[in-house]
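Colleague: As input, take entry.txt (compact mmCIF, C-alpha atoms):
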```
# COMPACT_ATOMS: atom_id res chain seq x y z
CA MET D 265 88.35 81.07 230.86
CA LEU D 266 90.59 81.24 227.82
CA LYS D 267 90.33 78.64 225.10
CA ARG D 268 92.56 77.63 222.23
CA PRO D 269 91.08 80.18 219.74
CA HIS D 270 92.01 83.00 222.11
CA TYR D 271 95.68 81.96 222.11
CA ILE D 272 95.57 81.58 218.32
CA ALA D 273 94.17 85.17 218.12
CA LEU D 274 97.02 86.38 220.36
CA GLY D 275 99.55 84.73 218.06
CA LEU D 276 97.88 86.22 214.99
CA VAL D 277 97.93 89.75 216.47
CA VAL D 278 101.63 89.39 217.32
CA VAL D 279 102.37 88.24 213.77
CA LEU D 280 100.24 91.08 212.31
CA THR D 281 102.04 93.68 214.44
CA LEU D 282 105.48 92.38 213.52
CA THR D 283 104.51 92.26 209.84
CA ILE D 284 103.22 95.86 209.81
CA LEU D 285 106.26 97.11 211.75
CA ASN D 286 108.61 95.49 209.24
CA LEU D 287 106.92 96.79 206.09
CA PRO D 288 108.91 99.21 203.89
CA SER D 289 108.57 102.84 205.02
CA GLN D 290 106.97 103.98 201.75
CA LEU D 291 104.26 101.35 202.05
CA THR D 292 103.54 102.21 205.70
CA ALA D 293 103.32 105.90 204.73
CA ARG D 294 100.69 104.99 202.13
CA MET D 295 98.89 102.80 204.65
CA LYS D 296 98.92 105.67 207.15
CA MET D 297 97.39 107.90 204.50
CA ALA D 298 94.69 105.32 203.75
CA VAL D 299 93.85 104.70 207.40
CA GLY D 300 93.97 108.42 208.19
CA SER D 301 91.48 109.18 205.42
CA LEU D 302 88.84 107.62 207.66
CA PHE D 303 88.99 110.79 209.75
CA LEU D 304 88.06 113.07 206.82
CA PRO D 305 84.35 113.25 207.76
CA LEU D 306 85.39 114.24 211.29
CA PHE D 307 87.66 116.97 209.86
CA GLY D 308 84.68 118.23 207.86
CA LEU D 309 82.44 118.18 210.93
CA ALA D 310 85.04 119.98 213.04
CA SER D 311 85.57 122.74 210.45
CA TYR D 312 81.78 123.09 210.00
CA GLY D 313 81.46 123.45 213.78
CA GLU D 314 84.17 126.13 213.75
CA GLN D 315 82.35 127.96 210.92
CA LEU D 316 79.09 127.85 212.86
CA ALA D 317 80.80 129.19 215.98
CA GLY D 318 82.43 131.92 213.88
CA GLN D 319 79.10 132.90 212.33
CA ALA D 320 77.49 132.97 215.76
CA SER D 321 80.23 135.22 217.14
CA ASP D 322 79.99 137.46 214.01
CA ALA D 323 76.30 137.91 214.64
CA LEU D 324 76.99 138.93 218.22
CA VAL D 325 79.61 141.62 217.41
CA PRO D 326 77.95 145.09 217.28
CA ARG D 327 78.13 147.11 214.07
CA ARG D 328 79.99 149.94 215.79
CA GLU D 329 82.75 147.54 216.87
CA LEU D 330 83.07 146.19 213.32
CA ALA D 331 83.32 149.72 211.89
CA LYS D 332 86.06 150.53 214.43
CA GLN D 333 88.01 147.37 213.55
CA ASN D 334 87.60 148.13 209.85
CA ASP D 335 89.02 151.61 210.37
CA GLU D 336 92.01 150.23 212.31
CA LEU D 337 92.69 147.61 209.63
CA ARG D 338 92.52 150.23 206.87
CA ARG D 339 95.07 152.36 208.72
CA ALA D 340 97.35 149.34 209.27
CA ASN D 341 96.99 148.47 205.60
CA GLU D 342 98.13 151.97 204.54
CA GLU D 343 101.17 151.75 206.84
CA LEU D 344 102.10 148.32 205.50
CA ARG D 345 101.74 149.54 201.91
CA LEU D 346 104.17 152.37 202.67
CA GLN D 347 106.60 149.91 204.24
CA ALA D 348 106.29 147.62 201.21
CA ILE D 349 107.23 150.52 198.88
CA LYS D 350 110.31 151.26 201.03
CA SER D 351 111.24 147.55 201.12
CA LYS D 352 110.95 147.36 197.33
CA GLU D 353 113.36 150.30 197.00
CA ILE D 354 115.83 148.59 199.36
CA GLU D 355 115.41 145.33 197.43
CA ASN D 356 116.18 147.10 194.13
CA GLU D 357 119.22 148.79 195.66
CA ASN D 358 120.40 145.45 197.05
CA ALA D 359 120.02 143.86 193.60
CA ARG D 360 122.02 146.70 191.94
CA LEU D 361 124.83 146.38 194.51
CA ARG D 362 124.91 142.61 194.09
CA GLU D 363 125.18 143.09 190.34
CA LEU D 364 128.04 145.60 190.77
CA LEU D 365 129.92 143.20 193.07
CA HIS D 366 129.10 140.23 190.81
CA TRP D 367 127.36 138.42 193.67
CA GLN D 368 124.75 135.79 192.96
CA GLN D 369 121.22 137.19 192.98
CA GLN D 370 119.07 135.98 195.87
CA GLN D 371 115.87 134.23 194.95
CA PRO D 372 112.86 135.64 196.80
CA TRP D 373 111.24 133.19 199.20
CA LYS D 374 107.82 131.85 198.36
CA PHE D 375 105.47 130.85 201.14
CA LYS D 376 102.07 129.25 201.46
CA LEU D 377 99.89 129.67 204.51
CA ALA D 378 98.66 126.44 206.11
CA LYS D 379 96.23 125.80 208.90
CA VAL D 380 97.15 123.47 211.76
CA VAL D 381 94.48 120.76 211.75
CA LEU D 382 95.79 118.13 214.18
CA ARG D 383 98.38 117.74 216.88
CA GLU D 384 100.41 114.73 217.93
CA PRO D 385 98.24 112.41 220.07
CA ALA D 386 101.28 110.58 221.53
CA ASN D 387 103.31 112.33 224.22
CA TRP D 388 106.73 111.14 223.01
CA TRP D 389 106.77 112.95 219.63
CA ARG D 390 106.39 116.58 218.68
CA THR D 391 104.51 116.84 215.43
CA LEU D 392 101.43 118.46 213.99
CA GLN D 393 99.46 118.15 210.80
CA ILE D 394 98.66 120.98 208.37
CA ASP D 395 96.08 121.26 205.62
CA LEU D 396 98.59 121.45 202.75
CA GLY D 397 99.27 118.24 200.87
CA SER D 398 100.96 116.99 197.73
CA ARG D 399 98.10 118.43 195.63
CA ASP D 400 99.15 121.90 196.91
CA GLY D 401 102.80 121.27 196.08
CA ALA D 402 104.01 120.36 199.57
CA ARG D 403 107.11 118.15 199.69
CA VAL D 404 109.08 116.39 202.39
CA ASN D 405 111.71 118.56 204.18
CA MET D 406 110.14 121.92 203.31
CA PRO D 407 110.85 124.37 206.16
CA VAL D 408 107.88 125.52 208.23
CA LEU D 409 107.75 128.92 209.94
CA SER D 410 105.41 130.50 212.46
CA GLY D 411 103.19 133.44 211.56
CA GLU D 412 105.88 135.81 212.87
CA GLY D 413 108.57 134.16 210.71
CA TYR D 414 110.31 132.07 213.39
CA LEU D 415 111.43 128.52 212.62
CA VAL D 416 108.93 125.85 213.66
CA GLY D 417 110.15 122.65 211.96
CA ARG D 418 110.02 120.82 208.65
CA ILE D 419 107.57 118.67 206.73
CA SER D 420 108.24 115.00 207.42
CA LEU D 421 105.36 113.23 205.67
CA VAL D 422 103.10 114.34 202.83
CA THR D 423 99.71 112.94 201.91
CA LEU D 424 97.31 114.18 199.26
CA ALA D 425 95.55 116.79 201.41
CA ARG D 426 97.62 116.95 204.60
CA SER D 427 101.24 117.01 205.71
CA GLN D 428 102.93 116.07 208.94
CA VAL D 429 105.30 118.67 210.36
CA VAL D 430 108.02 117.53 212.74
CA LEU D 431 108.56 120.36 215.22
CA LEU D 432 111.73 121.72 216.82
CA GLY D 433 112.50 119.68 219.93
CA ASP D 434 111.47 116.37 218.34
CA PRO D 435 114.35 113.90 218.08
CA ASN D 436 113.75 113.72 214.31
CA CYS D 437 114.19 117.46 213.73
CA LYS D 438 117.80 118.54 213.90
CA VAL D 439 118.88 121.97 212.63
CA ALA D 440 122.34 123.36 211.96
CA ALA D 441 122.36 126.66 213.84
CA ARG D 442 124.61 129.65 214.45
CA VAL D 443 124.75 131.93 217.48
CA GLU D 444 124.82 135.67 216.82
CA ASN D 445 128.03 136.50 218.70
CA GLU D 446 131.59 137.51 217.91
CA ASN D 447 132.72 133.95 217.15
CA HIS D 448 129.57 133.01 215.20
CA ASP D 449 129.56 129.73 217.14
CA THR D 450 127.80 126.90 215.36
CA GLY D 451 126.06 123.80 216.63
CA VAL D 452 123.06 121.54 216.18
CA VAL D 453 119.64 122.28 217.62
CA GLY D 454 118.07 118.97 218.60
CA ALA D 455 115.71 117.33 221.05
CA ALA D 456 114.58 118.66 224.39
CA GLY D 457 112.97 117.11 227.46
CA PRO D 458 109.48 115.61 227.18
CA LEU D 459 107.89 118.50 229.10
CA ASP D 460 109.97 121.44 227.80
CA SER D 461 108.04 122.52 224.73
CA GLU D 462 109.52 126.05 224.96
CA PHE D 463 113.17 124.98 225.10
CA VAL D 464 115.56 122.99 222.93
CA GLU D 465 119.19 122.00 223.34
CA MET D 466 121.93 123.27 221.06
CA SER D 467 124.78 120.78 221.16
CA TYR D 468 128.18 120.27 219.47
CA LEU D 469 129.18 123.86 220.31
CA SER D 470 132.89 124.52 220.67
CA ARG D 471 134.28 124.39 224.21
CA ASN D 472 135.54 127.95 223.60
CA ALA D 473 132.11 129.21 222.61
CA ILE D 474 131.32 132.63 224.07
CA LEU D 475 127.68 132.24 225.00
CA LYS D 476 125.63 134.80 226.84
CA PRO D 477 121.93 134.71 227.72
CA GLY D 478 119.82 136.56 225.18
CA GLN D 479 122.04 135.93 222.14
CA ASN D 480 120.02 135.07 219.05
CA VAL D 481 120.26 131.61 217.51
CA ARG D 482 119.54 131.45 213.79
CA THR D 483 119.65 128.75 211.15
CA TRP D 484 123.11 128.29 209.69
CA GLY D 485 122.08 127.24 206.22
CA GLU D 486 124.20 124.09 206.12
CA GLY D 487 122.47 120.76 205.54
CA GLY D 488 120.34 121.75 202.58
CA ILE D 489 116.96 121.85 204.32
CA PHE D 490 116.74 125.11 206.24
CA PRO D 491 117.89 128.38 204.64
CA ALA D 492 120.20 130.61 206.67
CA GLN D 493 119.20 133.45 209.00
CA ILE D 494 115.80 132.22 210.22
CA LEU D 495 115.44 132.99 213.92
CA ILE D 496 115.17 129.85 216.08
CA GLY D 497 115.37 131.37 219.56
CA ARG D 498 117.62 132.89 222.19
CA VAL D 499 120.32 131.38 224.41
CA VAL D 500 119.19 130.91 228.02
CA ASP D 501 122.24 129.22 229.56
CA SER D 502 125.07 126.85 228.68
CA ARG D 503 127.17 124.13 230.30
CA PRO D 504 130.26 122.13 229.33
CA VAL D 505 129.69 118.45 228.49
CA GLU D 506 131.83 115.40 227.69
CA TYR D 507 134.53 116.37 230.22
CA GLY D 508 134.68 119.91 228.87
CA LEU D 509 135.26 118.91 225.24
CA SER D 510 132.13 120.64 223.99
CA THR D 511 129.34 122.92 225.19
CA VAL D 512 125.59 122.52 225.22
CA ALA D 513 123.30 125.56 225.32
CA ARG D 514 119.66 125.72 226.31
CA VAL D 515 117.72 127.78 223.78
CA LYS D 516 114.29 129.31 224.36
CA LEU D 517 112.34 128.98 221.14
CA ALA D 518 111.12 132.19 219.53
CA ALA D 519 107.95 130.49 218.26
CA ASN D 520 105.30 129.36 220.72
CA LEU D 521 104.76 125.80 219.47
CA ASN D 522 101.71 125.26 221.69
CA ALA D 523 99.81 128.18 220.22
CA LEU D 524 100.33 127.55 216.52
CA GLU D 525 97.10 127.97 214.57
CA GLU D 526 98.54 128.85 211.16
CA VAL D 527 102.05 128.35 209.78
CA TRP D 528 104.02 129.34 206.68
CA VAL D 529 105.49 126.62 204.48
CA LYS D 530 108.52 127.78 202.52
CA PHE D 531 108.21 126.57 198.96
CA GLN D 532 111.35 128.10 197.44
CA MET U 25 68.99 88.58 218.07
CA LYS U 26 71.92 88.30 220.47
CA ALA U 27 74.34 88.41 217.53
CA ARG U 28 72.72 91.64 216.36
CA ILE U 29 73.06 93.18 219.82
CA ASN U 30 76.74 92.13 219.93
CA TRP U 31 77.26 93.70 216.51
CA ILE U 32 75.76 97.00 217.70
CA ASP U 33 77.93 96.89 220.82
CA THR U 34 81.07 96.27 218.72
CA ALA U 35 80.15 99.09 216.34
CA LEU U 36 79.58 101.45 219.28
CA VAL U 37 82.95 100.58 220.84
CA LEU U 38 84.78 101.07 217.53
CA PHE U 39 83.00 104.36 216.83
CA ALA U 40 83.94 105.53 220.33
CA ALA U 41 87.57 104.56 219.59
CA LEU U 42 87.51 106.60 216.35
CA LEU U 43 86.12 109.63 218.19
CA ALA U 44 88.60 109.19 221.05
CA VAL U 45 91.59 109.16 218.68
CA PHE U 46 90.28 112.22 216.82
CA TRP U 47 89.68 114.05 220.11
CA GLU U 48 93.23 113.29 221.26
CA ALA U 49 94.66 114.73 218.05
CA ALA U 50 92.29 117.66 217.55
CA PHE U 51 91.98 119.05 221.08
CA GLY U 52 95.14 119.69 223.06
CA GLY U 53 93.68 121.49 226.06
CA VAL U 54 94.74 118.82 228.55
CA ARG U 55 98.27 118.82 227.13
CA HIS U 56 98.54 122.62 227.41
CA VAL U 57 97.48 122.56 231.04
CA LEU U 58 99.14 119.37 232.32
CA GLY U 59 101.94 118.75 229.81
CA ALA U 60 100.57 115.41 228.60
CA GLN U 61 97.66 114.21 226.49
CA VAL U 62 95.34 111.60 227.98
CA ASP U 63 94.88 108.43 225.92
CA LEU U 64 91.33 107.07 226.03
CA LEU U 65 91.95 103.83 224.13
CA PRO U 66 93.20 101.82 227.18
CA ALA U 67 90.08 102.90 229.13
CA LEU U 68 87.94 101.78 226.19
CA MET U 69 89.83 98.50 226.13
CA VAL U 70 88.98 97.96 229.82
CA TYR U 71 85.29 98.39 228.99
CA ALA U 72 85.48 96.15 225.92
CA SER U 73 87.36 93.34 227.63
CA LEU U 74 84.94 93.30 230.59
CA SER U 75 81.69 93.75 228.70
CA ALA U 76 82.10 92.64 225.09
CA GLY U 77 83.27 89.54 223.25
CA PHE U 78 86.80 88.56 222.35
CA GLY U 79 86.20 89.64 218.74
CA THR U 80 85.44 93.16 219.90
CA VAL U 81 88.61 93.19 222.02
CA SER U 82 90.72 92.08 219.05
CA LEU U 83 89.08 94.54 216.64
CA LEU U 84 89.48 97.41 219.10
CA ALA U 85 93.18 96.63 219.56
CA ILE U 86 93.86 96.36 215.82
CA LEU U 87 91.71 99.22 214.51
CA GLY U 88 92.23 101.51 217.52
CA GLY U 89 95.99 101.01 217.30
CA LEU U 90 96.06 101.64 213.56
CA TRP U 91 93.88 104.76 213.85
CA PHE U 92 96.05 106.15 216.65
CA ASP U 93 99.28 105.50 214.75
CA SER U 94 97.89 106.97 211.52
CA LEU U 95 97.49 110.39 213.19
CA SER U 96 100.73 110.11 215.13
CA ALA U 97 104.43 110.00 214.31
CA ASN U 98 104.45 106.47 215.76
CA PRO U 99 105.48 103.71 213.35
CA LEU U 100 102.26 102.17 212.03
CA GLY U 101 101.17 99.19 214.14
CA VAL U 102 103.20 99.95 217.26
CA SER U 103 100.10 100.60 219.42
CA ILE U 104 98.29 97.37 218.48
CA LEU U 105 100.18 94.91 220.67
CA PRO U 106 100.08 96.91 223.96
CA LEU U 107 96.32 97.40 223.60
CA PHE U 108 95.77 93.75 222.77
CA VAL U 109 97.90 92.51 225.67
CA ILE U 110 95.87 94.67 228.09
CA GLY U 111 92.58 93.45 226.62
CA PHE U 112 93.77 89.82 226.66
CA ALA U 113 94.89 89.99 230.31
CA ILE U 114 91.62 91.55 231.51
CA TYR U 115 89.48 89.26 229.35
CA ALA U 116 91.24 86.19 230.78
CA ASN U 117 90.35 87.25 234.34
CA ARG U 118 87.05 88.96 233.78
CA GLU U 119 85.07 86.37 235.73
CA LEU U 120 87.08 87.31 238.80
CA ILE U 121 86.58 91.07 238.44
CA LEU U 122 83.68 92.96 239.96
CA GLN U 123 83.09 94.97 236.83
CA ASP U 124 80.13 96.95 238.16
CA GLN U 125 82.19 98.42 240.99
CA THR U 126 83.45 101.94 240.27
CA PHE U 127 86.61 101.31 242.30
CA ALA U 128 87.45 98.25 240.19
CA GLN U 129 86.90 100.31 237.03
CA LEU U 130 89.16 103.07 238.37
CA VAL U 131 91.96 100.65 239.26
CA LEU U 132 91.74 98.83 235.94
CA GLY U 133 91.64 102.14 234.04
CA PHE U 134 94.71 103.36 235.94
CA GLY U 135 96.65 100.15 235.29
CA ALA U 136 95.70 99.92 231.61
CA SER U 137 96.47 103.62 230.96
CA LEU U 138 99.87 103.16 232.60
CA ALA U 139 100.70 99.86 230.92
CA ALA U 140 99.79 100.94 227.35
CA PRO U 141 102.27 103.85 227.02
CA VAL U 142 104.99 101.96 228.91
CA MET U 143 104.68 98.98 226.54
CA THR U 144 104.54 101.28 223.48
CA LEU U 145 107.70 103.10 224.65
CA LEU U 146 109.41 99.74 225.20
CA VAL U 147 108.51 98.61 221.68
CA LEU U 148 109.74 101.96 220.26
CA LEU U 149 113.02 101.84 222.16
CA THR U 150 113.67 98.23 221.19
CA THR U 151 112.98 98.95 217.51
CA ALA U 152 115.70 101.64 217.31
CA HIS U 153 113.35 104.62 217.44
CA GLU U 154 114.20 107.74 219.42
CA PRO U 155 111.14 108.98 221.29
CA LEU U 156 111.25 111.95 223.69
CA PHE U 157 112.15 110.23 226.92
CA GLY U 158 113.36 111.54 230.27
CA TRP U 159 112.32 112.38 233.82
CA GLY U 160 109.39 114.32 232.44
CA THR U 161 108.03 111.05 231.04
CA LEU U 162 107.18 110.00 234.62
CA TRP U 163 104.89 113.01 235.00
CA GLN U 164 103.33 112.29 231.60
CA LEU U 165 102.69 108.67 232.61
CA LEU U 166 101.08 109.84 235.85
CA VAL U 167 98.79 112.25 233.99
CA MET U 168 97.88 109.56 231.44
CA SER U 169 97.16 106.98 234.16
CA LEU U 170 95.02 109.31 236.27
CA GLY U 171 93.20 110.61 233.20
CA GLY U 172 92.53 107.06 232.00
CA ALA U 173 91.42 106.01 235.50
CA MET U 174 88.90 108.84 235.65
CA ALA U 175 87.68 108.19 232.11
CA THR U 176 86.97 104.47 232.67
CA PRO U 177 83.90 104.76 234.96
CA VAL U 178 82.58 107.56 232.73
CA LEU U 179 82.86 105.25 229.70
CA PHE U 180 81.10 102.45 231.59
CA ALA U 181 78.28 104.85 232.49
CA LEU U 182 78.02 106.16 228.91
CA PHE U 183 77.95 102.69 227.36
CA GLY U 184 75.43 101.59 229.99
CA LEU U 185 73.25 104.49 228.90
CA PHE U 186 73.61 103.56 225.22
CA ASN U 187 72.93 99.89 225.88
CA ARG U 188 69.77 100.73 227.83
CA ALA U 189 68.63 103.03 225.02
CA LEU U 190 69.42 100.65 222.15
CA GLY U 191 69.09 97.22 223.76
CA HIS U 192 66.14 95.26 224.97
CA ARG U 193 64.67 96.23 228.28
CA HIS U 194 64.71 93.48 230.90
CA ILE U 195 61.21 92.72 232.12
CA ALA U 196 61.25 92.06 235.81
CA GLU U 197 59.29 88.90 236.53
CA SER U 198 57.32 88.99 239.68
CA SER U 199 57.02 85.87 241.81
CA PHE U 200 53.32 86.56 242.07
CA ARG U 201 51.19 84.71 239.49
CA PRO U 202 47.45 85.38 239.52
CA ASP U 203 46.64 81.96 238.00
CA ARG U 204 48.17 80.26 240.97
CA GLU U 205 46.54 82.44 243.56
CA ILE U 206 44.87 80.49 246.29
CA ARG U 207 41.60 82.04 246.98
CA ARG U 208 40.45 81.62 250.48
CA GLY U 209 37.09 82.15 251.95
CA LYS U 210 33.64 80.66 251.74
CA SER U 211 32.23 79.97 248.31
```
Would you mind writing the file out in structure tokens?
Modeller:
Amino acid sequence: MLKRPHYIALGLVVVLTLTILNLPSQLTARMKMAVGSLFLPLFGLASYGEQLAGQASDALVPRRELAKQNDELRRANEELRLQAIKSKEIENENARLRELLHWQQQQPWKFKLAKVVLREPANWWRTLQIDLGSRDGARVNMPVLSGEGYLVGRISLVTLARSQVVLLGDPNCKVAARVENENHDTGVVGAAGPLDSEFVEMSYLSRNAILKPGQNVRTWGEGGIFPAQILIGRVVDSRPVEYGLSTVARVKLAANLNALEEVWVKFQ
Amino acid sequence: MKARINWIDTALVLFAALLAVFWEAAFGGVRHVLGAQVDLLPALMVYASLSAGFGTVSLLAILGGLWFDSLSANPLGVSILPLFVIGFAIYANRELILQDQTFAQLVLGFGASLAAPVMTLLVLLTTAHEPLFGWGTLWQLLVMSLGGAMATPVLFALFGLFNRALGHRHIAESSFRPDREIRRGKS
């Protein structure tokens, strides 16, 4: 049987919820950081558990297998070193040509590797958290790429030791994109369906857009957040919308967002 | 002594909520397989509202909601009210519910796990947020409800185990009392 104090508690919880929901966004971000810090011991425990599992698996791998892997890695390292020398030569040549044509020199990109520590617990957002925070130099809106260099999303919230990354397909991550075709059709990559984590929709394409399955979709560079030419995915199909005034394309993402373990954060 | 037992029960429920939220964010196996993550907080709320005091129900709604939102892209505080409404509704009718019956636990777990995301989505949509929403949401709600329904009896069993381990054991009193035994026979 409910008594008066129970109804008072109900009223208080309603007031508390409304108050928290109406706080300024900066304050709620700080509050999120403070509340989230309660999970730090669990992060520590989880990483310690991973270390223990890693050590256990290391102990189980035979020496012969390790020697074989070491040999393969050494060979791969030599090949990559050779490729790096060739790339440096091309880079120097590119710089000389730019100088001759009086083009602006391109700044080399700087990346930091980050580990994915948490995923979105709610089903109606697409975010994850990485172990780079403001103490590592992470800032809001820095682009985030997969290990293979495909676009993944951007940083949306930064705390001291962690950052929240809003992924492609989330309604809060919109990217100006360009299709690699004759017309260089441009549009906006936005949200997808709740279950389609592999696909996103590219909207605001011209009604005359020449879209074919398999065409690459890359960042356009407009908007000031994402640099140009990062691969987003490939066109799967397209359909006219708004009585044929524009076209929407379905794009299969190049990055597998479900399997992200480590990501690159672009710092410059 | 009863206050101390209540305190332990509250602490256990809150610790379970903390672990549940961390599990939901750290391990995405269910989401990879079924396309939706199961939320354990409504199932915990069913246990708390049937077995614990009103203070525990309120604390679970406030702290559980805040913890969940702190690891999510949800606006902070959006999960508090749905959890509290569920807890309040079950607590108000708990004398009418056969809480020891597994079927009752399953049904309550299903209803709570369905109502919590629906209410949260309603709050989000009415506060001008743009969550991922479509036909696929129906499948996600089904997975969440079934997952929550299955988790509820498990939580009841686990907490029963903890309470038996940490609480006082009930001593069964026999109706037989030797001091009142009527001895028959010749003396």
Colleague: What lies within 8 Å of Trp528 of chain D using only C-alpha atoms, ignoring chain neighbours under 5 positions off, as JSON, numbers by chain?
Modeller: {"D": [375, 376, 377, 378, 408, 409, 410, 411, 413]}
Colleague: Could the residues in this selection be written to a file with C-alpha atoms, as a short mmCIF file (atom, residue, chain, number, x, y, z; two decimals), keeping the file's coordinate frame?
Modeller:
```cif
data_model
loop_
_atom_site.label_atom_id
_atom_site.label_comp_id
_atom_site.auth_asym_id
_atom_site.auth_seq_id
_atom_site.Cartn_x
_atom_site.Cartn_y
_atom_site.Cartn_z
CA PHE D 375 105.47 130.85 201.14
CA LYS D 376 102.07 129.25 201.46
CA LEU D 377 99.89 129.67 204.51
CA ALA D 378 98.66 126.44 206.11
CA VAL D 408 107.88 125.52 208.23
CA LEU D 409 107.75 128.92 209.94
CA SER D 410 105.41 130.50 212.46
CA GLY D 411 103.19 133.44 211.56
CA GLY D 413 108.57 134.16 210.71
#
```
Colleague: Within 12 Å of (81.1, 102.1, 242.4), in the coordinates the file gives, what residues turn up when you count all atoms listed in the file, written out as number ranges by chain?
Modeller: U: 122-131, 176-178, 180-181
Colleague: Enter the distance from atom CA of Tyr115 of chain U to atom CA of Ser73 of chain U, in Å, rounded to one decimal.
Modeller: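 So the two atoms, atom CA of Tyr115 of chain U and atom CA of Ser73 of chain U, lie 4.9 Å apart.
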Colleague: For chain D, list the residues within 8 Å of chain U, counting all atoms listed in the file, and write the list as a ChimeraX atom specification.
Modeller: /D:265-266,270,273-274,277-278,281,284-285,292,296-297,299-300,303,306,381-389,391,434-436,455-459,522
Colleague: Expressed in Å to a single decimal, how great is the separation between atom CA of Lys516 of chain D and atom CA of Asn447 of chain D?
Modeller: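 Taking atom CA of Lys516 of chain D as the start and atom CA of Asn447 of chain D as the end point, the length is 20.3 Å.
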